[in-house]
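Q: I am sharing entry.cif, which consists of mmCIF, C-alpha atoms:
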```
data_work
loop_
_atom_site.label_atom_id
_atom_site.label_comp_id
_atom_site.auth_asym_id
_atom_site.auth_seq_id
_atom_site.Cartn_x
_atom_site.Cartn_y
_atom_site.Cartn_z
CA MET C 89 -12.39 -16.46 32.83
CA GLU C 90 -15.23 -18.94 33.55
CA LEU C 91 -17.48 -17.08 31.11
CA LEU C 92 -15.07 -17.81 28.26
CA SER C 93 -15.72 -21.53 28.77
CA ASN C 94 -19.48 -21.13 28.33
CA PRO C 95 -20.95 -23.11 25.41
CA ILE C 96 -21.71 -20.93 22.40
CA ASP C 97 -25.35 -22.10 22.65
CA PHE C 98 -25.85 -19.71 25.60
CA LEU C 99 -24.95 -16.53 23.71
CA SER C 100 -27.76 -14.17 22.77
CA GLY C 101 -28.58 -14.48 19.07
CA VAL C 102 -27.28 -18.04 18.69
CA GLY C 103 -29.79 -20.73 19.66
CA PRO C 104 -29.58 -24.50 19.03
CA ALA C 105 -29.65 -24.49 15.20
CA ARG C 106 -27.03 -21.76 14.82
CA ALA C 107 -24.90 -23.29 17.58
CA ASP C 108 -24.78 -26.63 15.74
CA LEU C 109 -23.70 -24.89 12.54
CA LEU C 110 -21.04 -22.80 14.28
CA LYS C 111 -19.59 -25.99 15.75
CA LYS C 112 -19.67 -27.96 12.50
CA GLU C 113 -18.64 -25.21 10.07
CA LEU C 114 -16.20 -23.07 12.09
CA ARG C 115 -15.28 -25.24 15.11
CA ILE C 116 -16.67 -22.57 17.43
CA PHE C 117 -17.82 -24.34 20.60
CA THR C 118 -17.34 -21.74 23.36
CA TYR C 119 -17.29 -18.00 24.00
CA ARG C 120 -13.48 -18.21 23.85
CA ASP C 121 -13.59 -19.76 20.37
CA LEU C 122 -15.78 -16.93 19.10
CA LEU C 123 -13.64 -14.27 20.80
CA THR C 124 -10.53 -15.59 19.07
CA TYR C 125 -12.21 -16.01 15.67
CA TYR C 126 -10.50 -12.98 14.13
CA PRO C 127 -11.40 -11.15 10.89
CA PHE C 128 -9.33 -12.17 7.87
CA ARG C 129 -9.47 -8.64 6.44
CA TYR C 130 -11.03 -5.23 7.07
CA VAL C 131 -13.04 -2.76 5.01
CA ASP C 132 -13.07 0.98 5.54
CA LYS C 133 -16.58 2.26 6.21
CA SER C 134 -15.55 5.76 7.19
CA LYS C 135 -15.97 7.21 3.69
CA ILE C 136 -19.22 7.72 1.80
CA PHE C 137 -18.90 7.94 -1.99
CA LYS C 138 -21.02 9.85 -4.43
CA ILE C 139 -22.28 7.69 -7.29
CA SER C 140 -20.37 9.87 -9.76
CA GLN C 141 -17.11 9.01 -7.93
CA ILE C 142 -17.37 5.28 -8.61
CA VAL C 143 -14.75 3.89 -10.99
CA ASP C 144 -13.75 0.37 -12.06
CA ASP C 145 -10.83 -0.21 -9.69
CA LEU C 146 -12.62 0.51 -6.39
CA PRO C 147 -12.79 -2.66 -4.27
CA PHE C 148 -15.71 -1.63 -2.04
CA VAL C 149 -17.81 1.50 -1.78
CA GLN C 150 -20.35 2.97 0.59
CA ILE C 151 -23.10 5.13 -0.90
CA LYS C 152 -25.95 7.14 0.59
CA GLY C 153 -29.04 7.40 -1.58
CA LYS C 154 -32.78 6.83 -2.05
CA ILE C 155 -34.35 3.79 -3.68
CA ILE C 156 -36.54 5.20 -6.44
CA LYS C 157 -37.87 2.00 -8.06
CA PHE C 158 -37.71 -1.81 -8.20
CA GLU C 159 -37.53 -4.17 -11.16
CA ASP C 160 -38.33 -7.90 -11.09
CA ILE C 161 -36.42 -9.54 -13.94
CA GLY C 162 -36.81 -13.15 -15.15
CA ARG C 163 -38.46 -16.16 -13.53
CA GLY C 164 -37.53 -19.18 -11.45
CA ARG C 165 -33.82 -19.73 -10.93
CA VAL C 166 -32.83 -16.79 -13.12
CA LYS C 167 -35.11 -14.34 -11.32
CA ARG C 168 -33.41 -11.27 -9.92
CA LEU C 169 -34.42 -8.09 -8.15
CA ILE C 170 -32.98 -4.74 -9.20
CA ALA C 171 -33.33 -1.61 -7.07
CA HIS C 172 -32.40 1.80 -8.51
CA LEU C 173 -30.52 3.86 -5.92
CA GLU C 174 -30.21 7.59 -6.60
CA ASP C 175 -28.18 10.40 -5.09
CA ASP C 176 -27.67 13.96 -6.31
CA THR C 177 -25.00 12.83 -8.82
CA GLY C 178 -26.51 9.77 -10.50
CA ILE C 179 -28.10 6.32 -10.27
CA ILE C 180 -26.63 2.88 -9.48
CA LYS C 181 -28.35 -0.50 -9.65
CA LEU C 182 -28.50 -2.85 -6.67
CA VAL C 183 -28.95 -6.50 -7.68
CA TRP C 184 -30.12 -9.55 -5.72
CA PHE C 185 -30.44 -13.12 -7.00
CA LYS C 186 -31.52 -14.78 -3.73
CA GLY C 187 -34.20 -13.91 -1.20
CA THR C 188 -35.67 -11.37 -3.60
CA SER C 189 -39.21 -11.40 -2.15
CA TRP C 190 -38.01 -10.82 1.42
CA ILE C 191 -35.54 -8.11 0.35
CA LYS C 192 -38.18 -6.26 -1.66
CA SER C 193 -40.59 -6.31 1.27
CA SER C 194 -37.92 -5.01 3.68
CA LEU C 195 -36.84 -2.02 1.55
CA LYS C 196 -38.98 1.05 0.93
CA ILE C 197 -39.25 3.42 -2.01
CA ASN C 198 -38.11 7.04 -1.41
CA THR C 199 -36.31 6.07 1.79
CA GLU C 200 -32.66 6.93 2.41
CA TYR C 201 -30.28 3.98 2.74
CA LEU C 202 -26.59 3.50 3.24
CA VAL C 203 -25.42 0.82 0.80
CA PHE C 204 -22.12 -1.07 0.96
CA GLY C 205 -20.65 -3.46 -1.60
CA LYS C 206 -18.32 -4.06 -4.54
CA PRO C 207 -19.24 -2.12 -7.70
CA SER C 208 -18.95 -3.69 -11.14
CA ALA C 209 -19.54 -2.18 -14.58
CA PHE C 210 -22.33 -3.66 -16.72
CA LYS C 211 -23.84 -2.14 -19.88
CA ASN C 212 -22.49 1.38 -19.31
CA THR C 213 -23.65 1.52 -15.70
CA PHE C 214 -22.48 0.29 -12.31
CA ASN C 215 -24.10 -2.50 -10.30
CA ILE C 216 -23.60 -3.73 -6.75
CA VAL C 217 -24.59 -7.37 -6.35
CA HIS C 218 -26.05 -8.43 -2.97
CA PRO C 219 -25.09 -5.20 -1.16
CA GLU C 220 -25.38 -4.57 2.56
CA THR C 221 -28.12 -2.04 3.30
CA ASP C 222 -28.80 0.06 6.39
CA LEU C 223 -31.40 2.72 6.96
CA TRP C 224 -29.58 6.04 6.92
CA GLN C 225 -31.25 7.09 10.16
CA ASP C 226 -29.93 3.93 11.89
CA TYR C 227 -26.42 4.52 10.54
CA ASN C 228 -26.41 8.04 12.00
CA LYS C 229 -27.10 6.60 15.45
CA LYS C 230 -24.12 4.22 15.38
CA ALA C 231 -21.22 5.16 17.62
CA HIS C 232 -18.66 3.16 15.64
CA VAL C 233 -18.02 4.05 12.02
CA GLY C 234 -14.67 3.08 10.50
CA LEU C 235 -12.85 -0.18 9.89
CA GLN C 236 -15.12 -3.21 9.89
CA GLY C 237 -13.87 -6.78 10.15
CA VAL C 238 -14.75 -9.35 7.51
CA TYR C 239 -15.11 -12.94 8.76
CA HIS C 240 -14.97 -16.26 6.95
CA SER C 241 -18.40 -17.87 6.84
CA SER C 242 -20.05 -20.60 4.76
CA GLU C 243 -23.14 -21.07 2.61
CA LYS C 244 -24.91 -22.99 5.38
CA LEU C 245 -24.11 -20.31 7.97
CA SER C 246 -25.15 -17.51 5.62
CA ALA C 247 -28.49 -19.25 5.08
CA LYS C 248 -29.04 -18.94 8.85
CA GLY C 249 -28.10 -15.25 8.87
CA LEU C 250 -24.51 -15.87 9.96
CA ASN C 251 -22.62 -14.32 7.11
CA SER C 252 -19.69 -12.06 8.00
CA ARG C 253 -22.06 -9.38 9.23
CA GLY C 254 -24.01 -11.88 11.33
CA ILE C 255 -20.84 -13.19 12.97
CA LEU C 256 -19.77 -9.64 13.81
CA LYS C 257 -23.17 -9.09 15.43
CA LEU C 258 -22.62 -12.13 17.67
CA ILE C 259 -19.19 -10.80 18.66
CA LYS C 260 -20.78 -7.46 19.53
CA ASN C 261 -23.22 -9.37 21.76
CA LEU C 262 -20.32 -11.19 23.41
CA LEU C 263 -17.84 -8.39 24.14
CA PRO C 264 -19.93 -6.50 26.77
CA LEU C 265 -20.35 -9.76 28.73
CA LEU C 266 -16.58 -10.14 29.02
CA LYS C 267 -15.80 -6.64 30.28
CA ASN C 268 -13.25 -6.94 33.12
CA ASP C 269 -13.33 -10.73 32.75
CA ILE C 270 -10.42 -11.14 30.31
CA GLU C 271 -7.26 -12.09 32.18
CA GLU C 272 -4.02 -10.27 31.32
CA THR C 273 -1.42 -12.73 30.03
CA LEU C 274 1.67 -10.51 29.79
CA SER C 275 3.57 -8.94 32.65
CA GLU C 276 3.22 -5.25 33.42
CA LYS C 277 6.94 -4.87 32.68
CA ILE C 278 6.62 -6.22 29.12
CA ILE C 279 3.48 -4.19 28.41
CA LYS C 280 5.16 -1.00 29.61
CA GLU C 281 8.48 -1.56 27.83
CA LEU C 282 6.86 -2.39 24.48
CA ASN C 283 4.00 0.10 24.86
CA LEU C 284 1.39 -2.60 24.26
CA PRO C 285 -2.36 -2.30 24.90
CA SER C 286 -4.01 -4.61 27.43
CA LYS C 287 -5.32 -8.03 26.41
CA GLU C 288 -8.93 -6.89 26.80
CA GLU C 289 -8.38 -3.70 24.79
CA SER C 290 -6.60 -5.66 22.05
CA LEU C 291 -9.41 -8.21 21.70
CA VAL C 292 -12.00 -5.45 21.44
CA ASN C 293 -9.99 -3.49 18.87
CA ILE C 294 -9.13 -6.51 16.71
CA HIS C 295 -12.88 -7.01 16.19
CA ILE C 296 -14.21 -3.45 16.39
CA PRO C 297 -11.34 -0.99 15.89
CA LYS C 298 -12.27 2.65 16.34
CA ASN C 299 -9.54 3.67 13.91
CA ASN C 300 -6.55 2.30 12.03
CA ASN C 301 -4.10 3.08 14.84
CA ASP C 302 -6.13 1.08 17.38
CA PHE C 303 -6.25 -1.84 14.94
CA ILE C 304 -2.47 -1.77 14.35
CA ARG C 305 -1.74 -1.68 18.09
CA ALA C 306 -4.16 -4.55 18.77
CA GLN C 307 -2.69 -6.64 15.97
CA LYS C 308 0.86 -5.96 17.20
CA ARG C 309 -0.06 -7.02 20.75
CA LEU C 310 -1.77 -10.27 19.70
CA LYS C 311 0.99 -11.23 17.25
CA PHE C 312 3.68 -10.52 19.85
CA GLU C 313 1.84 -12.60 22.44
CA GLU C 314 1.49 -15.56 20.07
CA PHE C 315 5.20 -15.59 19.21
CA PHE C 316 6.24 -14.86 22.81
CA PHE C 317 4.48 -17.93 24.21
CA LEU C 318 5.64 -20.05 21.27
CA GLN C 319 9.23 -19.10 22.09
CA LEU C 320 8.69 -19.87 25.78
CA HIS C 321 7.38 -23.31 24.83
CA LEU C 322 10.37 -23.96 22.56
CA LEU C 323 12.77 -22.88 25.32
CA LYS C 324 11.03 -25.26 27.72
CA LEU C 325 11.40 -28.13 25.24
CA LYS C 326 15.07 -27.23 24.75
CA LEU C 327 15.66 -27.28 28.51
CA ILE C 328 13.98 -30.68 28.83
CA ARG C 329 15.96 -32.03 25.87
CA THR C 330 19.23 -30.69 27.30
CA LYS C 331 18.66 -32.49 30.60
CA LYS C 332 17.38 -35.77 29.18
CA LEU C 333 19.31 -36.29 25.94
CA LYS C 334 23.06 -36.34 26.38
CA GLY C 335 25.32 -35.98 23.36
CA TYR C 336 28.98 -36.53 22.50
CA PRO C 337 31.02 -33.34 23.01
CA PHE C 338 33.46 -32.23 20.30
CA PRO C 339 36.16 -30.39 22.30
CA ILE C 340 38.67 -30.23 19.43
CA ILE C 341 38.89 -27.98 16.41
CA GLY C 342 41.48 -30.06 14.61
CA ASP C 343 43.59 -30.42 11.48
CA ASN C 344 40.81 -31.15 8.98
CA PHE C 345 38.74 -28.13 9.92
CA ASN C 346 41.73 -25.79 10.06
CA GLU C 347 43.25 -27.08 6.81
CA PHE C 348 40.02 -26.66 4.89
CA TYR C 349 39.16 -23.29 6.44
CA ASN C 350 42.65 -21.84 5.86
CA ASN C 351 43.58 -23.42 2.50
CA HIS C 352 40.65 -24.88 0.58
CA ILE C 353 37.52 -22.89 1.35
CA PRO C 354 36.07 -21.83 -2.03
CA PHE C 355 34.92 -18.36 -0.95
CA GLU C 356 35.04 -15.99 1.99
CA LEU C 357 32.31 -16.73 4.52
CA THR C 358 29.72 -14.06 5.12
CA GLY C 359 29.21 -12.52 8.53
CA ALA C 360 26.04 -14.59 8.98
CA GLN C 361 27.84 -17.84 8.12
CA LYS C 362 30.64 -17.06 10.59
CA ARG C 363 28.11 -16.25 13.31
CA VAL C 364 26.21 -19.50 12.73
CA LEU C 365 29.44 -21.53 12.79
CA LYS C 366 30.34 -19.99 16.16
CA GLU C 367 26.90 -20.94 17.51
CA ILE C 368 27.27 -24.50 16.19
CA ARG C 369 30.77 -24.72 17.68
CA LYS C 370 29.36 -23.68 21.04
CA ASP C 371 26.57 -26.28 20.81
CA VAL C 372 28.78 -29.24 19.87
CA TYR C 373 31.36 -28.34 22.52
CA GLY C 374 28.79 -29.02 25.25
CA SER C 375 27.46 -32.35 26.46
CA ALA C 376 23.86 -31.82 25.28
CA GLN C 377 22.64 -32.86 21.85
CA MET C 378 22.47 -30.05 19.30
CA ASN C 379 19.08 -29.49 17.69
CA ARG C 380 19.35 -26.66 15.18
CA LEU C 381 17.58 -25.49 12.02
CA LEU C 382 19.84 -23.79 9.48
CA GLN C 383 17.74 -21.53 7.29
CA GLY C 384 18.75 -19.56 4.20
CA ASP C 385 17.93 -18.80 0.59
CA VAL C 386 18.97 -21.07 -2.27
CA GLY C 387 22.69 -20.55 -2.91
CA SER C 388 23.30 -18.82 0.42
CA GLY C 389 25.92 -21.36 1.54
CA LYS C 390 24.02 -23.70 3.87
CA THR C 391 25.79 -26.80 2.52
CA LEU C 392 29.22 -25.28 3.20
CA VAL C 393 28.25 -24.50 6.81
CA ALA C 394 26.95 -28.07 7.20
CA PHE C 395 30.20 -29.44 5.75
CA LEU C 396 32.32 -27.40 8.17
CA SER C 397 30.19 -28.76 11.02
CA MET C 398 30.85 -32.30 9.74
CA LEU C 399 34.59 -31.61 9.86
CA MET C 400 34.23 -30.84 13.57
CA ALA C 401 32.85 -34.38 14.03
CA VAL C 402 35.63 -35.94 11.94
CA ASP C 403 38.31 -34.08 13.92
CA ASN C 404 36.88 -35.60 17.11
CA GLY C 405 37.00 -39.18 15.83
CA PHE C 406 33.46 -39.54 14.55
CA GLN C 407 31.83 -40.08 11.18
CA ALA C 408 29.31 -37.57 9.81
CA CYS C 409 26.57 -37.84 7.21
CA ILE C 410 24.13 -35.71 5.27
CA MET C 411 20.70 -37.26 4.74
CA ALA C 412 18.82 -36.34 1.58
CA PRO C 413 15.18 -37.01 0.60
CA THR C 414 16.00 -38.28 -2.92
CA GLU C 415 18.82 -40.25 -4.55
CA ILE C 416 19.41 -37.46 -7.05
CA LEU C 417 19.97 -34.92 -4.28
CA ALA C 418 22.17 -37.41 -2.40
CA GLN C 419 24.32 -37.82 -5.51
CA GLN C 420 24.56 -34.03 -5.89
CA HIS C 421 25.77 -33.73 -2.28
CA MET C 422 28.25 -36.55 -2.92
CA VAL C 423 29.75 -34.62 -5.85
CA THR C 424 29.84 -31.34 -3.89
CA ILE C 425 31.54 -32.83 -0.82
CA SER C 426 33.96 -34.87 -2.94
CA ASP C 427 35.02 -31.64 -4.65
CA LEU C 428 35.46 -29.88 -1.29
CA THR C 429 37.62 -32.70 0.12
CA GLU C 430 39.60 -33.36 -3.08
CA LYS C 431 42.89 -32.18 -1.55
CA MET C 432 42.24 -33.61 1.91
CA ASN C 433 42.73 -37.06 3.41
CA ILE C 434 39.03 -37.71 4.04
CA GLU C 435 37.06 -40.67 2.68
CA VAL C 436 33.65 -39.79 1.20
CA GLY C 437 30.97 -42.38 0.39
CA ILE C 438 27.31 -42.59 -0.54
CA LEU C 439 24.52 -44.96 0.55
CA THR C 440 21.16 -44.97 -1.20
CA GLY C 441 18.17 -47.24 -1.45
CA SER C 442 19.71 -48.88 -4.49
CA SER C 443 23.09 -49.48 -2.80
CA LYS C 444 24.17 -53.11 -2.32
CA THR C 445 23.79 -54.58 1.17
CA LYS C 446 27.54 -55.00 1.70
CA GLU C 447 28.06 -51.27 1.19
#
```
Can you give me the file's structure in the form of structure tokens?

A:
Amino acid sequence: MELLSNPIDFLSGVGPARADLLKKELRIFTYRDLLTYYPFRYVDKSKIFKISQIVDDLPFVQIKGKIIKFEDIGRGRVKRLIAHLEDDTGIIKLVWFKGTSWIKSSLKINTEYLVFGKPSAFKNTFNIVHPETDLWQDYNKKAHVGLQGVYHSSEKLSAKGLNSRGILKLIKNLLPLLKNDIEETLSEKIIKELNLPSKEESLVNIHIPKNNNDFIRAQKRLKFEEFFFLQLHLLKLKLIRTKKLKGYPFPIIGDNFNEFYNNHIPFELTGAQKRVLKEIRKDVYGSAQMNRLLQGDVGSGKTLVAFLSMLMAVDNGFQACIMAPTEILAQQHMVTISDLTEKMNIEVGILTGSSKTKE
């Protein structure tokens, strides 16, 4: 675990200039920060398309072909480099607007390349702007071919070679260093019951999944872990709050609640509303303060549940109020609750920012 605390400056392929940019642009300061900088999406690099298979609605394609010629078009800021890539079914144009001299010097005529990028139609042909290129012979040597993570970068990082591909390269440099050094954070019982991969396996497969199934399992494990520890933290806060903050128990379900529920309720409560009311009843019966979020769609009956909870307070000798963020909403609640209590002996009032002091 000590390795994870190492400054990012120490990682092979980083160096001082890149380290400063990673800190400023992505808030990546340590090995741990880089390890948990997950891809925001993935592209499938398992399929190689023929040029004749390319159509308008394809998001990304991978093509094997030979560069047969270059064209230098325009001058100055509008200068661009076009490479003609050919396979046995047709020709596609590869276009670069930046770094044209370096790109042209790094690519060779009549050499096979694997090209990856987003195709777009232009003047009855397809182009790929700023594609990724690999020598075909290098691609054949790669052990991993499949889903590839795409990482958020920035213009400044890209200028230093840390575009999405560059960030993935750093992660590939990091992962072997951490082998057997990533501590398991879930119990063996939970892992076995839920059939989850290990923490180390999940972190490897979220960055470099061998296949879609490995990616799904890794994602499931990391999402579960995040929510699991969030829930533990919330339970801890609830326990602390229960011990420190004492409330006023409502032991009685009295006349007001029963009269409204039996005689005046405007519609039959749903199963979910009944369940929530039972949970609220259990909370207010105890001596600890209730702290509860009632969530539901518009029109699902949240106000009615809140009103029934208020009746529990009234039946136990207390007042109850609904707080609203605007006067208009407060007035709407006033009308709603006045209608609900029309046939009951309950006084309803409203206080707003424009109310007189004596009120």

Q: How would you write, as a list in words, the residues chosen by the PyMOL selection byres ((chain C and resi 415) around 10) on this structure?

A: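 This file, filtered by the PyMOL selection byres ((chain C and resi 415) around 10), leaves Met411, Ala412, Pro413, Thr414, Ile416, Leu417, Ala418, Gln419, Gln420, His421, Ile438, Leu439, Thr440, Gly441 and Ser442 of chain C.
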
Q: For range 173-176 of chain C, please output as a tab-separated table (two decimals) with C-alpha atoms, in the coordinates of the input all residues within 12 Å (counting only C-alpha atoms; exclusion window: fewer than 6 positions along the same chain).

A:
```tsv
chain	number	residue	atom	x	y	z
C	136	ILE	CA	-19.22	7.72	1.80
C	137	PHE	CA	-18.90	7.94	-1.99
C	138	LYS	CA	-21.02	9.85	-4.43
C	139	ILE	CA	-22.28	7.69	-7.29
C	140	SER	CA	-20.37	9.87	-9.76
C	141	GLN	CA	-17.11	9.01	-7.93
C	151	ILE	CA	-23.10	5.13	-0.90
C	152	LYS	CA	-25.95	7.14	0.59
C	153	GLY	CA	-29.04	7.40	-1.58
C	154	LYS	CA	-32.78	6.83	-2.05
C	155	ILE	CA	-34.35	3.79	-3.68
C	156	ILE	CA	-36.54	5.20	-6.44
C	157	LYS	CA	-37.87	2.00	-8.06
C	158	PHE	CA	-37.71	-1.81	-8.20
C	159	GLU	CA	-37.53	-4.17	-11.16
C	182	LEU	CA	-28.50	-2.85	-6.67
C	183	VAL	CA	-28.95	-6.50	-7.68
C	195	LEU	CA	-36.84	-2.02	1.55
C	196	LYS	CA	-38.98	1.05	0.93
C	197	ILE	CA	-39.25	3.42	-2.01
C	198	ASN	CA	-38.11	7.04	-1.41
C	199	THR	CA	-36.31	6.07	1.79
C	200	GLU	CA	-32.66	6.93	2.41
C	201	TYR	CA	-30.28	3.98	2.74
C	202	LEU	CA	-26.59	3.50	3.24
C	203	VAL	CA	-25.42	0.82	0.80
C	204	PHE	CA	-22.12	-1.07	0.96
C	214	PHE	CA	-22.48	0.29	-12.31
C	215	ASN	CA	-24.10	-2.50	-10.30
C	216	ILE	CA	-23.60	-3.73	-6.75
C	219	PRO	CA	-25.09	-5.20	-1.16
C	221	THR	CA	-28.12	-2.04	3.30
```

Q: Go ahead and find all residues with at least one atom no further than 12 Å from (-6.4, -7.3, 29.7) in the file's coordinates, using only C-alpha atoms; report them as an MDAnalysis selection string.

A: chainID C and resid 89 266:276 279 284:292 306 309:310

Q: Using C-alpha atoms, can you export the residues from the last selection as a PDB file, in the frame of the given file?

A:
```pdb
ATOM      1  CA  MET C  89     -12.390 -16.460  32.830  1.00  0.00           C
ATOM      2  CA  LEU C 266     -16.580 -10.140  29.020  1.00  0.00           C
ATOM      3  CA  LYS C 267     -15.800  -6.640  30.280  1.00  0.00           C
ATOM      4  CA  ASN C 268     -13.250  -6.940  33.120  1.00  0.00           C
ATOM      5  CA  ASP C 269     -13.330 -10.730  32.750  1.00  0.00           C
ATOM      6  CA  ILE C 270     -10.420 -11.140  30.310  1.00  0.00           C
ATOM      7  CA  GLU C 271      -7.260 -12.090  32.180  1.00  0.00           C
ATOM      8  CA  GLU C 272      -4.020 -10.270  31.320  1.00  0.00           C
ATOM      9  CA  THR C 273      -1.420 -12.730  30.030  1.00  0.00           C
ATOM     10  CA  LEU C 274       1.670 -10.510  29.790  1.00  0.00           C
ATOM     11  CA  SER C 275       3.570  -8.940  32.650  1.00  0.00           C
ATOM     12  CA  GLU C 276       3.220  -5.250  33.420  1.00  0.00           C
ATOM     13  CA  ILE C 279       3.480  -4.190  28.410  1.00  0.00           C
ATOM     14  CA  LEU C 284       1.390  -2.600  24.260  1.00  0.00           C
ATOM     15  CA  PRO C 285      -2.360  -2.300  24.900  1.00  0.00           C
ATOM     16  CA  SER C 286      -4.010  -4.610  27.430  1.00  0.00           C
ATOM     17  CA  LYS C 287      -5.320  -8.030  26.410  1.00  0.00           C
ATOM     18  CA  GLU C 288      -8.930  -6.890  26.800  1.00  0.00           C
ATOM     19  CA  GLU C 289      -8.380  -3.700  24.790  1.00  0.00           C
ATOM     20  CA  SER C 290      -6.600  -5.660  22.050  1.00  0.00           C
ATOM     21  CA  LEU C 291      -9.410  -8.210  21.700  1.00  0.00           C
ATOM     22  CA  VAL C 292     -12.000  -5.450  21.440  1.00  0.00           C
ATOM     23  CA  ALA C 306      -4.160  -4.550  18.770  1.00  0.00           C
ATOM     24  CA  ARG C 309      -0.060  -7.020  20.750  1.00  0.00           C
ATOM     25  CA  LEU C 310      -1.770 -10.270  19.700  1.00  0.00           C
TER      26      LEU C 310
END
```

Q: For the structure provided, state which residues fall under the PyMOL selection byres ((chain C and resi 106) around 10), and present them as a ChimeraX atom specification.

A: /C:96-97,101-105,107-112,244-245,248-250

Q: Which is closer to Ser241 in chain C than all the others in C:Ala171, C:Val217, C:Ile255, C:Leu123, using all atoms listed in the file?

A: C:Ile255

Q: Give me, please, the distance in Å between CA of Asn94 in chain C and CA of Tyr119 in chain C, quoted to one decimal.

A: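 Calculated distance between CA of Asn94 in chain C and CA of Tyr119 in chain C is 5.8 Å.
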
Q: Between CA of Ile328 in chain C and CA of Ser375 in chain C, what is the distance, to one decimal in Å?

A: 13.8 Å

Q: I need the output of the PyMOL selection byres ((chain C and resi 372) around 10) for this file as a PDB file with C-alpha atoms, in the coordinates of the input; which residues are they?

A:
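Result file follows (out.pdb):
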```pdb
ATOM      1  CA  GLY C 335      25.320 -35.980  23.360  1.00  0.00           C
ATOM      2  CA  TYR C 336      28.980 -36.530  22.500  1.00  0.00           C
ATOM      3  CA  PRO C 337      31.020 -33.340  23.010  1.00  0.00           C
ATOM      4  CA  PHE C 338      33.460 -32.230  20.300  1.00  0.00           C
ATOM      5  CA  PRO C 339      36.160 -30.390  22.300  1.00  0.00           C
ATOM      6  CA  ILE C 340      38.670 -30.230  19.430  1.00  0.00           C
ATOM      7  CA  GLU C 367      26.900 -20.940  17.510  1.00  0.00           C
ATOM      8  CA  ILE C 368      27.270 -24.500  16.190  1.00  0.00           C
ATOM      9  CA  ARG C 369      30.770 -24.720  17.680  1.00  0.00           C
ATOM     10  CA  LYS C 370      29.360 -23.680  21.040  1.00  0.00           C
ATOM     11  CA  ASP C 371      26.570 -26.280  20.810  1.00  0.00           C
ATOM     12  CA  TYR C 373      31.360 -28.340  22.520  1.00  0.00           C
ATOM     13  CA  GLY C 374      28.790 -29.020  25.250  1.00  0.00           C
ATOM     14  CA  SER C 375      27.460 -32.350  26.460  1.00  0.00           C
ATOM     15  CA  ALA C 376      23.860 -31.820  25.280  1.00  0.00           C
ATOM     16  CA  GLN C 377      22.640 -32.860  21.850  1.00  0.00           C
ATOM     17  CA  MET C 378      22.470 -30.050  19.300  1.00  0.00           C
ATOM     18  CA  ASN C 379      19.080 -29.490  17.690  1.00  0.00           C
ATOM     19  CA  SER C 397      30.190 -28.760  11.020  1.00  0.00           C
ATOM     20  CA  MET C 400      34.230 -30.840  13.570  1.00  0.00           C
ATOM     21  CA  ALA C 401      32.850 -34.380  14.030  1.00  0.00           C
TER      22      ALA C 401
END
```

Q: If you measure from CA of Gln150 in chain C to CA of Leu262 in chain C, what distance in Å do you get, rounded to one decimal?

A: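 That distance, rounded to one decimal, is 26.9 Å.
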
Q: Which residue, C:Thr391, C:Arg168, C:Phe210, C:Lys186, has the smallest gap to Ala247 in chain C when you use only C-alpha atoms?

A: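 For Ala247 in chain C, the nearest of the given residues is C:Lys186.
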
Q: Could I see range 270-279 of chain C restored to N, CA and C atoms, set down as a PDB file, in the frame of the given file?

A:
```
ATOM      1  N   ILE C 270     -11.485 -10.591  31.151  1.00  0.00           N
ATOM      2  CA  ILE C 270     -10.420 -11.140  30.310  1.00  0.00           C
ATOM      3  C   ILE C 270      -9.090 -10.985  31.042  1.00  0.00           C
ATOM      4  N   GLU C 271      -8.485 -12.090  31.375  1.00  0.00           N
ATOM      5  CA  GLU C 271      -7.260 -12.090  32.180  1.00  0.00           C
ATOM      6  C   GLU C 271      -6.065 -11.599  31.357  1.00  0.00           C
ATOM      7  N   GLU C 272      -5.249 -10.736  31.973  1.00  0.00           N
ATOM      8  CA  GLU C 272      -4.020 -10.270  31.320  1.00  0.00           C
ATOM      9  C   GLU C 272      -2.997 -11.397  31.316  1.00  0.00           C
ATOM     10  N   THR C 273      -2.353 -11.609  30.173  1.00  0.00           N
ATOM     11  CA  THR C 273      -1.420 -12.730  30.030  1.00  0.00           C
ATOM     12  C   THR C 273       0.044 -12.299  29.941  1.00  0.00           C
ATOM     13  N   LEU C 274       0.294 -11.005  29.828  1.00  0.00           N
ATOM     14  CA  LEU C 274       1.670 -10.510  29.790  1.00  0.00           C
ATOM     15  C   LEU C 274       1.951  -9.705  31.055  1.00  0.00           C
ATOM     16  N   SER C 275       3.201  -9.675  31.437  1.00  0.00           N
ATOM     17  CA  SER C 275       3.570  -8.940  32.650  1.00  0.00           C
ATOM     18  C   SER C 275       3.469  -7.435  32.408  1.00  0.00           C
ATOM     19  N   GLU C 276       3.289  -6.720  33.496  1.00  0.00           N
ATOM     20  CA  GLU C 276       3.220  -5.250  33.420  1.00  0.00           C
ATOM     21  C   GLU C 276       4.512  -4.678  32.847  1.00  0.00           C
ATOM     22  N   LYS C 277       5.634  -5.318  33.162  1.00  0.00           N
ATOM     23  CA  LYS C 277       6.940  -4.870  32.680  1.00  0.00           C
ATOM     24  C   LYS C 277       7.010  -4.942  31.150  1.00  0.00           C
ATOM     25  N   ILE C 278       6.584  -6.061  30.573  1.00  0.00           N
ATOM     26  CA  ILE C 278       6.620  -6.220  29.120  1.00  0.00           C
ATOM     27  C   ILE C 278       5.672  -5.236  28.445  1.00  0.00           C
ATOM     28  N   ILE C 279       4.479  -5.102  28.992  1.00  0.00           N
ATOM     29  CA  ILE C 279       3.480  -4.190  28.410  1.00  0.00           C
ATOM     30  C   ILE C 279       4.011  -2.760  28.404  1.00  0.00           C
TER      31      ILE C 279
END
```
